[in-house]
There are 2 protein chains.
Amino acid sequence: MTKSSRSRAGSVARRSSCPVACSLDLLGDRWTLLIARDLFRGLTRYGEFLAGPEGIPTNILADRLVRLEQAGLIKREPYQSNPPRHAYTLTPKGSDLKPVLGALAGWAMRHMPRVQADKELAAALRS
Amino acid sequence: MTKSSRSRAGSVARRSSCPVACSLDLLGDRWTLLIARDLFRGLTRYGEFLAGPEGIPTNILADRLVRLEQAGLIKREPYQSNPPRHAYTLTPKGSDLKPVLGALAGWAMRHMPRVQADKELAAALRS
DNA sequence: ACGTGTGACTTGCATAAAGCAAGTAACGTG
DNA sequence: CACGTTACTTGCTTTATGCAAGTCACACGT
């Protein structure tokens, strides 16, 4: 992230033309889909994401927000100018990740021990 | 991976009790779900995974196969004893990832340019 | 019996990403 | 005008990724 970094409708290196591989090129890491989850729950501000129970490191959050914006999954809009503050929200492309999050959550509920069902989240992912 | 490593019904560190976070603790990286994809397509042997178009490094493949087995998503069974060779197949827990792969593939088809629809894979994920 | 080949890994090392702590900038509030 | 808040950056250490090469067990041809 040398200079502006908040530019370029970005596509990073793509490993193959397989749809699963392409999705994972963008979403396949420990944090990206967790930020998406928070957006589905209605969070919009940097500090809100940072405060989540998983404790995402601040530099990684900043990096992922830039990437997600470059990829067109979220948009960043000022909600006040003074001091300048921005709200992050899902674009249609980002909102369409709902089935992915829903499937991941459903799988964990069925197969992983000691996961906590979150009614609010479940509702947001069902909608 | 110091000694045996193919033991322990493993659970690694869990960041929170959120179902999405728990899934991503296990599946949230660039390769794990790609191996799952290959398994859904019917591949079973080490060399077959290695030969995929994405070119997974051999040490990472070995590591992920151990993790997936420890997590109970796949099982490793000898299909001949001489030389000893093993086949990797999905357990029910692993097969239940189908909606996750399906959602990822569907999202990429709808939103990413130049992805190649794979009829064989689509059929396996629909089934 | 002996060299060649193949499948399934392991090991060593370089590079890249993740994670932590601390720092900065712009403002609002007492 | 010192102090707290929000939203980030920067620097540095640790962990993970990726590449190349090596190993091991056996099958096969000669």
# chains A, B, ... in the order shown; residues from 1 in each chain; ligands from 1

$ calpha_fit_and_write --fixed "chain B" --moving "chain A" --output "short mmCIF file (atom, residue, chain, number, x, y, z; two decimals) with N, CA and C atoms, in the first residue's frame"
data_model
loop_
_atom_site.label_atom_id
_atom_site.label_comp_id
_atom_site.auth_asym_id
_atom_site.auth_seq_id
_atom_site.Cartn_x
_atom_site.Cartn_y
_atom_site.Cartn_z
N MET A 1 4.62 -30.08 12.28
CA MET A 1 4.42 -31.51 12.06
C MET A 1 5.65 -32.29 12.52
N THR A 2 5.85 -32.37 13.80
CA THR A 2 7.08 -32.95 14.28
C THR A 2 7.11 -34.48 14.22
N LYS A 3 6.11 -35.13 14.83
CA LYS A 3 6.19 -36.60 14.84
C LYS A 3 5.06 -37.25 14.04
N SER A 4 4.10 -37.87 14.70
CA SER A 4 3.12 -38.62 13.92
C SER A 4 2.21 -37.71 13.10
N SER A 5 1.63 -36.73 13.76
CA SER A 5 0.79 -35.72 13.10
C SER A 5 -0.52 -36.27 12.53
N ARG A 6 -0.59 -37.55 12.24
CA ARG A 6 -1.87 -38.06 11.76
C ARG A 6 -2.62 -38.72 12.92
N SER A 7 -2.93 -37.89 13.93
CA SER A 7 -3.62 -38.42 15.10
C SER A 7 -4.66 -37.39 15.53
N ARG A 8 -4.97 -37.29 16.80
CA ARG A 8 -5.80 -36.24 17.39
C ARG A 8 -6.97 -35.73 16.57
N ALA A 9 -8.17 -36.04 17.01
CA ALA A 9 -9.34 -35.39 16.40
C ALA A 9 -9.23 -33.90 16.66
N GLY A 10 -8.61 -33.19 15.75
CA GLY A 10 -8.06 -31.88 16.05
C GLY A 10 -9.06 -30.74 15.96
N SER A 11 -8.92 -29.83 16.92
CA SER A 11 -9.54 -28.53 16.78
C SER A 11 -8.46 -27.51 17.08
N VAL A 12 -8.24 -26.63 16.14
CA VAL A 12 -7.25 -25.60 16.33
C VAL A 12 -7.87 -24.47 17.14
N ALA A 13 -7.16 -23.40 17.32
CA ALA A 13 -7.68 -22.28 18.10
C ALA A 13 -8.94 -21.70 17.45
N ARG A 14 -9.91 -21.44 18.26
CA ARG A 14 -11.18 -20.91 17.78
C ARG A 14 -11.29 -19.45 18.21
N ARG A 15 -11.56 -18.58 17.25
CA ARG A 15 -11.54 -17.15 17.55
C ARG A 15 -12.75 -16.66 18.30
N SER A 16 -13.88 -17.31 18.06
CA SER A 16 -15.11 -16.92 18.75
C SER A 16 -16.09 -18.06 18.61
N SER A 17 -17.26 -17.90 19.14
CA SER A 17 -18.25 -18.96 19.04
C SER A 17 -19.22 -18.73 17.88
N CYS A 18 -18.96 -17.70 17.09
CA CYS A 18 -19.80 -17.41 15.93
C CYS A 18 -19.67 -18.53 14.90
N PRO A 19 -20.77 -19.00 14.36
CA PRO A 19 -20.70 -20.10 13.40
C PRO A 19 -19.88 -19.75 12.15
N VAL A 20 -19.98 -18.53 11.70
CA VAL A 20 -19.19 -18.15 10.52
C VAL A 20 -17.70 -18.17 10.87
N ALA A 21 -17.36 -17.62 12.01
CA ALA A 21 -15.95 -17.58 12.42
C ALA A 21 -15.40 -18.99 12.63
N CYS A 22 -16.21 -19.87 13.21
CA CYS A 22 -15.76 -21.25 13.43
C CYS A 22 -15.49 -21.96 12.10
N SER A 23 -16.38 -21.79 11.15
CA SER A 23 -16.15 -22.38 9.83
C SER A 23 -14.86 -21.86 9.25
N LEU A 24 -14.66 -20.57 9.34
CA LEU A 24 -13.47 -19.98 8.72
C LEU A 24 -12.18 -20.37 9.45
N ASP A 25 -12.28 -20.66 10.74
CA ASP A 25 -11.09 -21.13 11.45
C ASP A 25 -10.55 -22.40 10.78
N LEU A 26 -11.46 -23.19 10.27
CA LEU A 26 -11.05 -24.45 9.65
C LEU A 26 -10.87 -24.31 8.14
N LEU A 27 -11.74 -23.56 7.51
CA LEU A 27 -11.80 -23.54 6.04
C LEU A 27 -11.28 -22.26 5.42
N GLY A 28 -10.99 -21.27 6.26
CA GLY A 28 -10.66 -19.95 5.74
C GLY A 28 -9.23 -19.80 5.29
N ASP A 29 -8.88 -20.40 4.18
CA ASP A 29 -7.58 -20.16 3.58
C ASP A 29 -7.69 -20.41 2.08
N ARG A 30 -6.58 -20.26 1.39
CA ARG A 30 -6.64 -20.30 -0.07
C ARG A 30 -6.80 -21.71 -0.63
N TRP A 31 -6.51 -22.75 0.13
CA TRP A 31 -6.40 -24.08 -0.47
C TRP A 31 -7.41 -25.10 0.02
N THR A 32 -7.82 -25.01 1.28
CA THR A 32 -8.63 -26.07 1.86
C THR A 32 -9.90 -26.38 1.05
N LEU A 33 -10.64 -25.34 0.70
CA LEU A 33 -11.88 -25.59 -0.02
C LEU A 33 -11.64 -26.01 -1.47
N LEU A 34 -10.44 -25.71 -1.96
CA LEU A 34 -10.09 -26.17 -3.30
C LEU A 34 -9.87 -27.67 -3.33
N ILE A 35 -9.29 -28.18 -2.24
CA ILE A 35 -9.14 -29.64 -2.12
C ILE A 35 -10.51 -30.29 -2.00
N ALA A 36 -11.38 -29.64 -1.23
CA ALA A 36 -12.75 -30.15 -1.11
C ALA A 36 -13.41 -30.20 -2.48
N ARG A 37 -13.22 -29.17 -3.27
CA ARG A 37 -13.78 -29.17 -4.62
C ARG A 37 -13.32 -30.38 -5.41
N ASP A 38 -12.01 -30.66 -5.35
CA ASP A 38 -11.48 -31.80 -6.08
C ASP A 38 -12.09 -33.11 -5.59
N LEU A 39 -12.28 -33.21 -4.29
CA LEU A 39 -12.90 -34.42 -3.75
C LEU A 39 -14.33 -34.57 -4.28
N PHE A 40 -15.06 -33.45 -4.38
CA PHE A 40 -16.41 -33.52 -4.93
C PHE A 40 -16.39 -33.95 -6.39
N ARG A 41 -15.33 -33.61 -7.07
CA ARG A 41 -15.23 -34.03 -8.47
C ARG A 41 -14.79 -35.48 -8.59
N GLY A 42 -14.54 -36.11 -7.49
CA GLY A 42 -14.25 -37.54 -7.53
C GLY A 42 -12.78 -37.89 -7.44
N LEU A 43 -11.91 -36.90 -7.32
CA LEU A 43 -10.50 -37.22 -7.19
C LEU A 43 -10.24 -37.81 -5.80
N THR A 44 -9.28 -38.73 -5.74
CA THR A 44 -9.01 -39.38 -4.46
C THR A 44 -7.52 -39.48 -4.14
N ARG A 45 -6.65 -39.30 -5.11
CA ARG A 45 -5.24 -39.58 -4.85
C ARG A 45 -4.40 -38.31 -4.78
N TYR A 46 -3.37 -38.39 -3.97
CA TYR A 46 -2.44 -37.27 -3.76
C TYR A 46 -2.01 -36.63 -5.07
N GLY A 47 -1.56 -37.46 -5.97
CA GLY A 47 -1.07 -36.95 -7.24
C GLY A 47 -2.14 -36.26 -8.06
N GLU A 48 -3.37 -36.70 -7.91
CA GLU A 48 -4.46 -36.05 -8.65
C GLU A 48 -4.69 -34.63 -8.14
N PHE A 49 -4.66 -34.48 -6.82
CA PHE A 49 -4.84 -33.14 -6.27
C PHE A 49 -3.69 -32.23 -6.72
N LEU A 50 -2.52 -32.79 -6.69
CA LEU A 50 -1.33 -32.04 -7.06
C LEU A 50 -1.38 -31.56 -8.51
N ALA A 51 -2.05 -32.32 -9.34
CA ALA A 51 -2.06 -32.04 -10.77
C ALA A 51 -3.10 -31.01 -11.18
N GLY A 52 -3.91 -30.55 -10.23
CA GLY A 52 -4.96 -29.59 -10.56
C GLY A 52 -4.41 -28.31 -11.17
N PRO A 53 -5.27 -27.55 -11.85
CA PRO A 53 -4.82 -26.37 -12.59
C PRO A 53 -4.28 -25.24 -11.72
N GLU A 54 -4.59 -25.27 -10.41
CA GLU A 54 -4.11 -24.18 -9.55
C GLU A 54 -2.69 -24.42 -9.06
N GLY A 55 -2.20 -25.67 -9.18
CA GLY A 55 -0.82 -25.95 -8.80
C GLY A 55 -0.53 -25.79 -7.32
N ILE A 56 -1.25 -26.50 -6.49
CA ILE A 56 -0.99 -26.44 -5.05
C ILE A 56 0.41 -26.99 -4.74
N PRO A 57 1.17 -26.29 -3.93
CA PRO A 57 2.48 -26.79 -3.52
C PRO A 57 2.34 -28.09 -2.73
N THR A 58 3.26 -29.00 -2.94
CA THR A 58 3.12 -30.34 -2.37
C THR A 58 3.14 -30.36 -0.85
N ASN A 59 3.93 -29.52 -0.23
CA ASN A 59 3.95 -29.52 1.24
C ASN A 59 2.64 -28.98 1.81
N ILE A 60 2.04 -28.03 1.13
CA ILE A 60 0.77 -27.49 1.61
C ILE A 60 -0.33 -28.52 1.43
N LEU A 61 -0.31 -29.23 0.32
CA LEU A 61 -1.28 -30.29 0.13
C LEU A 61 -1.18 -31.33 1.26
N ALA A 62 0.03 -31.77 1.55
CA ALA A 62 0.22 -32.76 2.60
C ALA A 62 -0.33 -32.25 3.93
N ASP A 63 -0.03 -31.00 4.24
CA ASP A 63 -0.49 -30.39 5.48
C ASP A 63 -2.02 -30.32 5.55
N ARG A 64 -2.64 -29.88 4.48
CA ARG A 64 -4.10 -29.73 4.48
C ARG A 64 -4.81 -31.07 4.56
N LEU A 65 -4.24 -32.09 3.93
CA LEU A 65 -4.86 -33.41 4.01
C LEU A 65 -4.85 -33.91 5.45
N VAL A 66 -3.75 -33.68 6.15
CA VAL A 66 -3.69 -34.07 7.56
C VAL A 66 -4.74 -33.30 8.37
N ARG A 67 -4.79 -32.01 8.16
CA ARG A 67 -5.77 -31.20 8.91
C ARG A 67 -7.20 -31.63 8.64
N LEU A 68 -7.49 -31.84 7.37
CA LEU A 68 -8.86 -32.23 7.01
C LEU A 68 -9.21 -33.58 7.62
N GLU A 69 -8.24 -34.47 7.66
CA GLU A 69 -8.51 -35.77 8.26
C GLU A 69 -8.72 -35.61 9.78
N GLN A 70 -7.86 -34.83 10.41
CA GLN A 70 -8.00 -34.59 11.85
C GLN A 70 -9.34 -33.95 12.19
N ALA A 71 -9.81 -33.10 11.30
CA ALA A 71 -11.08 -32.42 11.55
C ALA A 71 -12.28 -33.30 11.20
N GLY A 72 -12.00 -34.46 10.62
CA GLY A 72 -13.10 -35.38 10.31
C GLY A 72 -13.84 -35.07 9.02
N LEU A 73 -13.23 -34.28 8.15
CA LEU A 73 -13.89 -33.97 6.89
C LEU A 73 -13.57 -34.99 5.80
N ILE A 74 -12.42 -35.61 5.92
CA ILE A 74 -12.06 -36.64 4.94
C ILE A 74 -11.55 -37.87 5.70
N LYS A 75 -11.58 -39.00 5.02
CA LYS A 75 -10.89 -40.15 5.59
C LYS A 75 -9.87 -40.68 4.58
N ARG A 76 -8.87 -41.32 5.14
CA ARG A 76 -7.73 -41.78 4.36
C ARG A 76 -7.67 -43.28 4.51
N GLU A 77 -7.88 -43.97 3.42
CA GLU A 77 -7.94 -45.42 3.49
C GLU A 77 -7.03 -46.04 2.45
N PRO A 78 -6.37 -47.14 2.82
CA PRO A 78 -5.51 -47.82 1.87
C PRO A 78 -6.35 -48.46 0.76
N TYR A 79 -5.94 -48.30 -0.47
CA TYR A 79 -6.64 -48.99 -1.54
C TYR A 79 -5.74 -50.05 -2.15
N GLN A 80 -4.50 -50.09 -1.68
CA GLN A 80 -3.60 -51.19 -2.02
C GLN A 80 -2.51 -51.17 -0.97
N SER A 81 -1.91 -52.32 -0.74
CA SER A 81 -0.96 -52.36 0.37
C SER A 81 0.48 -52.41 -0.13
N ASN A 82 0.67 -52.52 -1.41
CA ASN A 82 2.00 -52.86 -1.85
C ASN A 82 2.24 -52.35 -3.27
N PRO A 83 2.81 -51.16 -3.38
CA PRO A 83 3.26 -50.25 -2.33
C PRO A 83 2.07 -49.64 -1.60
N PRO A 84 2.21 -49.28 -0.35
CA PRO A 84 1.09 -48.72 0.40
C PRO A 84 0.60 -47.42 -0.22
N ARG A 85 -0.64 -47.42 -0.66
CA ARG A 85 -1.24 -46.22 -1.24
C ARG A 85 -2.60 -45.98 -0.60
N HIS A 86 -2.95 -44.69 -0.49
CA HIS A 86 -4.19 -44.36 0.19
C HIS A 86 -5.10 -43.54 -0.71
N ALA A 87 -6.39 -43.72 -0.49
CA ALA A 87 -7.38 -42.91 -1.18
C ALA A 87 -8.02 -41.97 -0.17
N TYR A 88 -8.20 -40.73 -0.56
CA TYR A 88 -8.85 -39.74 0.29
C TYR A 88 -10.29 -39.57 -0.18
N THR A 89 -11.21 -39.67 0.76
CA THR A 89 -12.62 -39.47 0.40
C THR A 89 -13.32 -38.64 1.45
N LEU A 90 -14.42 -38.02 1.06
CA LEU A 90 -15.18 -37.18 1.97
C LEU A 90 -15.99 -38.01 2.95
N THR A 91 -15.99 -37.61 4.18
CA THR A 91 -16.91 -38.16 5.17
C THR A 91 -18.25 -37.43 5.00
N PRO A 92 -19.29 -37.86 5.71
CA PRO A 92 -20.55 -37.10 5.65
C PRO A 92 -20.35 -35.64 6.03
N LYS A 93 -19.55 -35.41 7.07
CA LYS A 93 -19.26 -34.03 7.48
C LYS A 93 -18.62 -33.24 6.34
N GLY A 94 -17.73 -33.88 5.62
CA GLY A 94 -17.11 -33.21 4.48
C GLY A 94 -18.08 -33.04 3.32
N SER A 95 -18.85 -34.06 3.04
CA SER A 95 -19.82 -33.97 1.94
C SER A 95 -20.82 -32.86 2.17
N ASP A 96 -21.07 -32.56 3.42
CA ASP A 96 -22.04 -31.53 3.74
C ASP A 96 -21.52 -30.13 3.42
N LEU A 97 -20.30 -30.03 2.97
CA LEU A 97 -19.80 -28.73 2.50
C LEU A 97 -20.34 -28.38 1.12
N LYS A 98 -21.06 -29.28 0.53
CA LYS A 98 -21.54 -29.04 -0.82
C LYS A 98 -22.24 -27.68 -0.99
N PRO A 99 -23.14 -27.32 -0.08
CA PRO A 99 -23.79 -26.01 -0.26
C PRO A 99 -22.79 -24.84 -0.22
N VAL A 100 -21.74 -24.98 0.56
CA VAL A 100 -20.74 -23.92 0.63
C VAL A 100 -20.04 -23.78 -0.73
N LEU A 101 -19.56 -24.88 -1.25
CA LEU A 101 -18.91 -24.86 -2.56
C LEU A 101 -19.88 -24.37 -3.63
N GLY A 102 -21.11 -24.84 -3.55
CA GLY A 102 -22.12 -24.43 -4.53
C GLY A 102 -22.35 -22.93 -4.48
N ALA A 103 -22.44 -22.38 -3.28
CA ALA A 103 -22.67 -20.94 -3.14
C ALA A 103 -21.48 -20.15 -3.68
N LEU A 104 -20.27 -20.60 -3.37
CA LEU A 104 -19.07 -19.90 -3.86
C LEU A 104 -19.02 -19.93 -5.39
N ALA A 105 -19.29 -21.10 -5.95
CA ALA A 105 -19.26 -21.23 -7.40
C ALA A 105 -20.33 -20.37 -8.04
N GLY A 106 -21.53 -20.40 -7.46
CA GLY A 106 -22.63 -19.60 -8.01
C GLY A 106 -22.32 -18.12 -7.97
N TRP A 107 -21.76 -17.69 -6.88
CA TRP A 107 -21.43 -16.27 -6.75
C TRP A 107 -20.42 -15.85 -7.82
N ALA A 108 -19.39 -16.68 -7.99
CA ALA A 108 -18.37 -16.35 -8.99
C ALA A 108 -18.97 -16.32 -10.39
N MET A 109 -19.86 -17.24 -10.68
CA MET A 109 -20.49 -17.26 -12.00
C MET A 109 -21.29 -15.98 -12.24
N ARG A 110 -21.93 -15.50 -11.19
CA ARG A 110 -22.76 -14.31 -11.36
C ARG A 110 -21.95 -13.02 -11.40
N HIS A 111 -20.81 -13.00 -10.68
CA HIS A 111 -20.16 -11.70 -10.48
C HIS A 111 -18.74 -11.57 -10.98
N MET A 112 -18.06 -12.66 -11.25
CA MET A 112 -16.68 -12.48 -11.67
C MET A 112 -16.56 -12.70 -13.18
N PRO A 113 -15.78 -11.84 -13.81
CA PRO A 113 -15.63 -11.97 -15.26
C PRO A 113 -14.72 -13.15 -15.60
N ARG A 114 -14.97 -13.73 -16.73
CA ARG A 114 -14.05 -14.74 -17.29
C ARG A 114 -13.88 -16.00 -16.46
N VAL A 115 -14.87 -16.35 -15.66
CA VAL A 115 -14.77 -17.66 -15.03
C VAL A 115 -15.35 -18.68 -15.99
N GLN A 116 -14.81 -19.87 -15.91
CA GLN A 116 -15.19 -20.92 -16.84
C GLN A 116 -16.18 -21.86 -16.16
N ALA A 117 -17.40 -21.91 -16.63
CA ALA A 117 -18.37 -22.85 -16.06
C ALA A 117 -17.88 -24.27 -16.31
N ASP A 118 -17.92 -25.07 -15.27
CA ASP A 118 -17.48 -26.46 -15.39
C ASP A 118 -18.70 -27.36 -15.16
N LYS A 119 -19.18 -27.96 -16.23
CA LYS A 119 -20.42 -28.73 -16.14
C LYS A 119 -20.29 -29.90 -15.17
N GLU A 120 -19.16 -30.55 -15.25
CA GLU A 120 -18.91 -31.70 -14.38
C GLU A 120 -18.98 -31.30 -12.90
N LEU A 121 -18.30 -30.19 -12.60
CA LEU A 121 -18.31 -29.70 -11.23
C LEU A 121 -19.70 -29.22 -10.82
N ALA A 122 -20.33 -28.47 -11.70
CA ALA A 122 -21.66 -27.97 -11.39
C ALA A 122 -22.61 -29.12 -11.06
N ALA A 123 -22.50 -30.19 -11.82
CA ALA A 123 -23.34 -31.36 -11.57
C ALA A 123 -23.03 -31.97 -10.21
N ALA A 124 -21.73 -32.09 -9.91
CA ALA A 124 -21.33 -32.68 -8.63
C ALA A 124 -21.83 -31.83 -7.46
N LEU A 125 -21.87 -30.52 -7.63
CA LEU A 125 -22.28 -29.65 -6.54
C LEU A 125 -23.80 -29.50 -6.48
N ARG A 126 -24.47 -29.83 -7.56
CA ARG A 126 -25.92 -29.81 -7.54
C ARG A 126 -26.42 -31.14 -6.94
N SER A 127 -26.04 -32.20 -7.59
CA SER A 127 -26.45 -33.57 -7.24
C SER A 127 -27.88 -33.66 -6.75
#

$ closest_atom_pairs --of "chain C" --to "chain B" --cutoff "10 Å" --atoms "only C-alpha atoms (C1' of nucleotides)" --output "tab-separated table"
residue	atom	partner	partner_atom	distance
C:DG7	C1'	B:Gly47	CA	7.0
C:DA8	C1'	B:Tyr46	CA	6.8
C:DC9	C1'	B:Ala62	CA	7.4
C:DT10	C1'	B:Asn59	CA	7.9
C:DT11	C1'	B:Asn59	CA	9.6

$ closest_atom_pairs --of "chain D" --to "chain A" --cutoff "9 Å" --atoms "only C-alpha atoms (C1' of nucleotides)" --output "CSV"
residue,atom,partner,partner_atom,distance
D:DT6,C1',A:Gly47,CA,7.1
D:DA7,C1',A:Tyr46,CA,6.8
D:DC8,C1',A:Ala62,CA,7.4
D:DT9,C1',A:Asn59,CA,7.9

$ write_last_selection --atoms "C-alpha atoms (C1' of nucleotides)" --output "PDB file, in the first residue's frame"
ATOM      1  C1'  DT D   6     -12.242   7.692  15.699  1.00  0.00           C
ATOM      2  C1'  DA D   7      -9.793   6.101  11.983  1.00  0.00           C
ATOM      3  C1'  DC D   8      -6.045   4.856  10.378  1.00  0.00           C
ATOM      4  C1'  DT D   9      -0.306   4.059   9.533  1.00  0.00           C
TER       5       DT D   9
END

$ atom_distance --atom1 "C1' of DG11 in chain D" --atom2 "C1' of DA16 in chain C"
16.3 Å

$ select_by_dssp --residues "range 55-84 of chain B" --states "helix (DSSP H, G or I)" --output "PyMOL selection string"
chain B and resi 58-70

$ write_last_selection --atoms "all heavy atoms" --output "compact mmCIF listing (two decimals), in the first residue's frame"
# COMPACT_ATOMS: atom_id res chain seq x y z
N THR B 58 3.26 -29.00 -2.93
CA THR B 58 3.12 -30.35 -2.35
C THR B 58 3.13 -30.36 -0.83
O THR B 58 2.39 -31.12 -0.21
CB THR B 58 4.20 -31.28 -2.93
OG1 THR B 58 4.09 -32.55 -2.31
CG2 THR B 58 5.59 -30.72 -2.73
N ASN B 59 3.92 -29.51 -0.23
CA ASN B 59 3.94 -29.51 1.24
C ASN B 59 2.63 -28.98 1.82
O ASN B 59 2.16 -29.47 2.85
CB ASN B 59 5.12 -28.70 1.76
CG ASN B 59 5.16 -27.30 1.22
OD1 ASN B 59 4.53 -27.01 0.19
ND2 ASN B 59 5.88 -26.42 1.86
N ILE B 60 2.03 -28.02 1.13
CA ILE B 60 0.76 -27.49 1.61
C ILE B 60 -0.34 -28.53 1.43
O ILE B 60 -1.18 -28.71 2.32
CB ILE B 60 0.43 -26.18 0.87
CG1 ILE B 60 1.46 -25.13 1.31
CG2 ILE B 60 -0.98 -25.73 1.16
CD1 ILE B 60 1.18 -23.78 0.79
N LEU B 61 -0.31 -29.23 0.32
CA LEU B 61 -1.29 -30.29 0.13
C LEU B 61 -1.20 -31.32 1.26
O LEU B 61 -2.21 -31.69 1.86
CB LEU B 61 -1.09 -30.96 -1.23
CG LEU B 61 -1.97 -32.18 -1.49
CD1 LEU B 61 -3.44 -31.85 -1.40
CD2 LEU B 61 -1.64 -32.80 -2.85
N ALA B 62 0.02 -31.75 1.54
CA ALA B 62 0.20 -32.74 2.60
C ALA B 62 -0.34 -32.22 3.93
O ALA B 62 -1.06 -32.92 4.65
CB ALA B 62 1.68 -33.10 2.74
N ASP B 63 -0.02 -30.98 4.23
CA ASP B 63 -0.49 -30.38 5.48
C ASP B 63 -2.01 -30.30 5.55
O ASP B 63 -2.62 -30.64 6.56
CB ASP B 63 0.12 -28.99 5.62
CG ASP B 63 -0.40 -28.26 6.84
OD1 ASP B 63 0.00 -28.64 7.95
OD2 ASP B 63 -1.24 -27.34 6.69
N ARG B 64 -2.63 -29.87 4.47
CA ARG B 64 -4.09 -29.71 4.47
C ARG B 64 -4.80 -31.05 4.56
O ARG B 64 -5.85 -31.17 5.19
CB ARG B 64 -4.56 -28.97 3.22
CG ARG B 64 -4.15 -27.52 3.14
CD ARG B 64 -4.62 -26.69 4.30
NE ARG B 64 -3.48 -26.03 4.93
CZ ARG B 64 -3.01 -24.83 4.60
NH1 ARG B 64 -3.61 -24.12 3.70
NH2 ARG B 64 -1.97 -24.33 5.22
N LEU B 65 -4.24 -32.07 3.93
CA LEU B 65 -4.86 -33.39 4.01
C LEU B 65 -4.86 -33.89 5.45
O LEU B 65 -5.84 -34.45 5.94
CB LEU B 65 -4.14 -34.38 3.08
CG LEU B 65 -4.39 -34.16 1.59
CD1 LEU B 65 -3.50 -35.07 0.76
CD2 LEU B 65 -5.86 -34.38 1.23
N VAL B 66 -3.75 -33.66 6.16
CA VAL B 66 -3.69 -34.06 7.56
C VAL B 66 -4.74 -33.29 8.38
O VAL B 66 -5.49 -33.87 9.16
CB VAL B 66 -2.29 -33.80 8.14
CG1 VAL B 66 -2.28 -33.96 9.65
CG2 VAL B 66 -1.28 -34.74 7.50
N ARG B 67 -4.80 -31.99 8.17
CA ARG B 67 -5.78 -31.19 8.91
C ARG B 67 -7.21 -31.61 8.64
O ARG B 67 -8.03 -31.70 9.56
CB ARG B 67 -5.66 -29.71 8.51
CG ARG B 67 -4.50 -29.02 9.14
CD ARG B 67 -4.71 -27.51 9.07
NE ARG B 67 -3.45 -26.82 8.95
CZ ARG B 67 -3.32 -25.49 8.94
NH1 ARG B 67 -4.40 -24.74 9.01
NH2 ARG B 67 -2.14 -24.94 8.84
N LEU B 68 -7.50 -31.84 7.37
CA LEU B 68 -8.86 -32.23 7.02
C LEU B 68 -9.21 -33.58 7.62
O LEU B 68 -10.34 -33.80 8.06
CB LEU B 68 -9.02 -32.27 5.49
CG LEU B 68 -9.14 -30.91 4.81
CD1 LEU B 68 -9.06 -31.04 3.30
CD2 LEU B 68 -10.44 -30.22 5.21
N GLU B 69 -8.22 -34.46 7.65
CA GLU B 69 -8.50 -35.76 8.26
C GLU B 69 -8.72 -35.61 9.77
O GLU B 69 -9.64 -36.18 10.33
CB GLU B 69 -7.34 -36.73 7.98
CG GLU B 69 -7.71 -38.16 8.29
CD GLU B 69 -6.48 -39.05 8.37
OE1 GLU B 69 -5.36 -38.56 8.18
OE2 GLU B 69 -6.66 -40.26 8.65
N GLN B 70 -7.85 -34.82 10.41
CA GLN B 70 -8.00 -34.59 11.85
C GLN B 70 -9.34 -33.97 12.18
O GLN B 70 -9.94 -34.25 13.21
CB GLN B 70 -6.88 -33.68 12.35
CG GLN B 70 -5.53 -34.36 12.42
CD GLN B 70 -4.44 -33.43 12.92
OE1 GLN B 70 -4.64 -32.22 13.02
NE2 GLN B 70 -3.29 -33.99 13.24

$ select_by_dssp --residues "chain B" --states "strand (DSSP E)" --output "JSON, numbers by chain"
{"B": [74, 75, 76, 77, 78, 79, 80, 81, 84, 85, 86, 87, 88, 89, 90]}
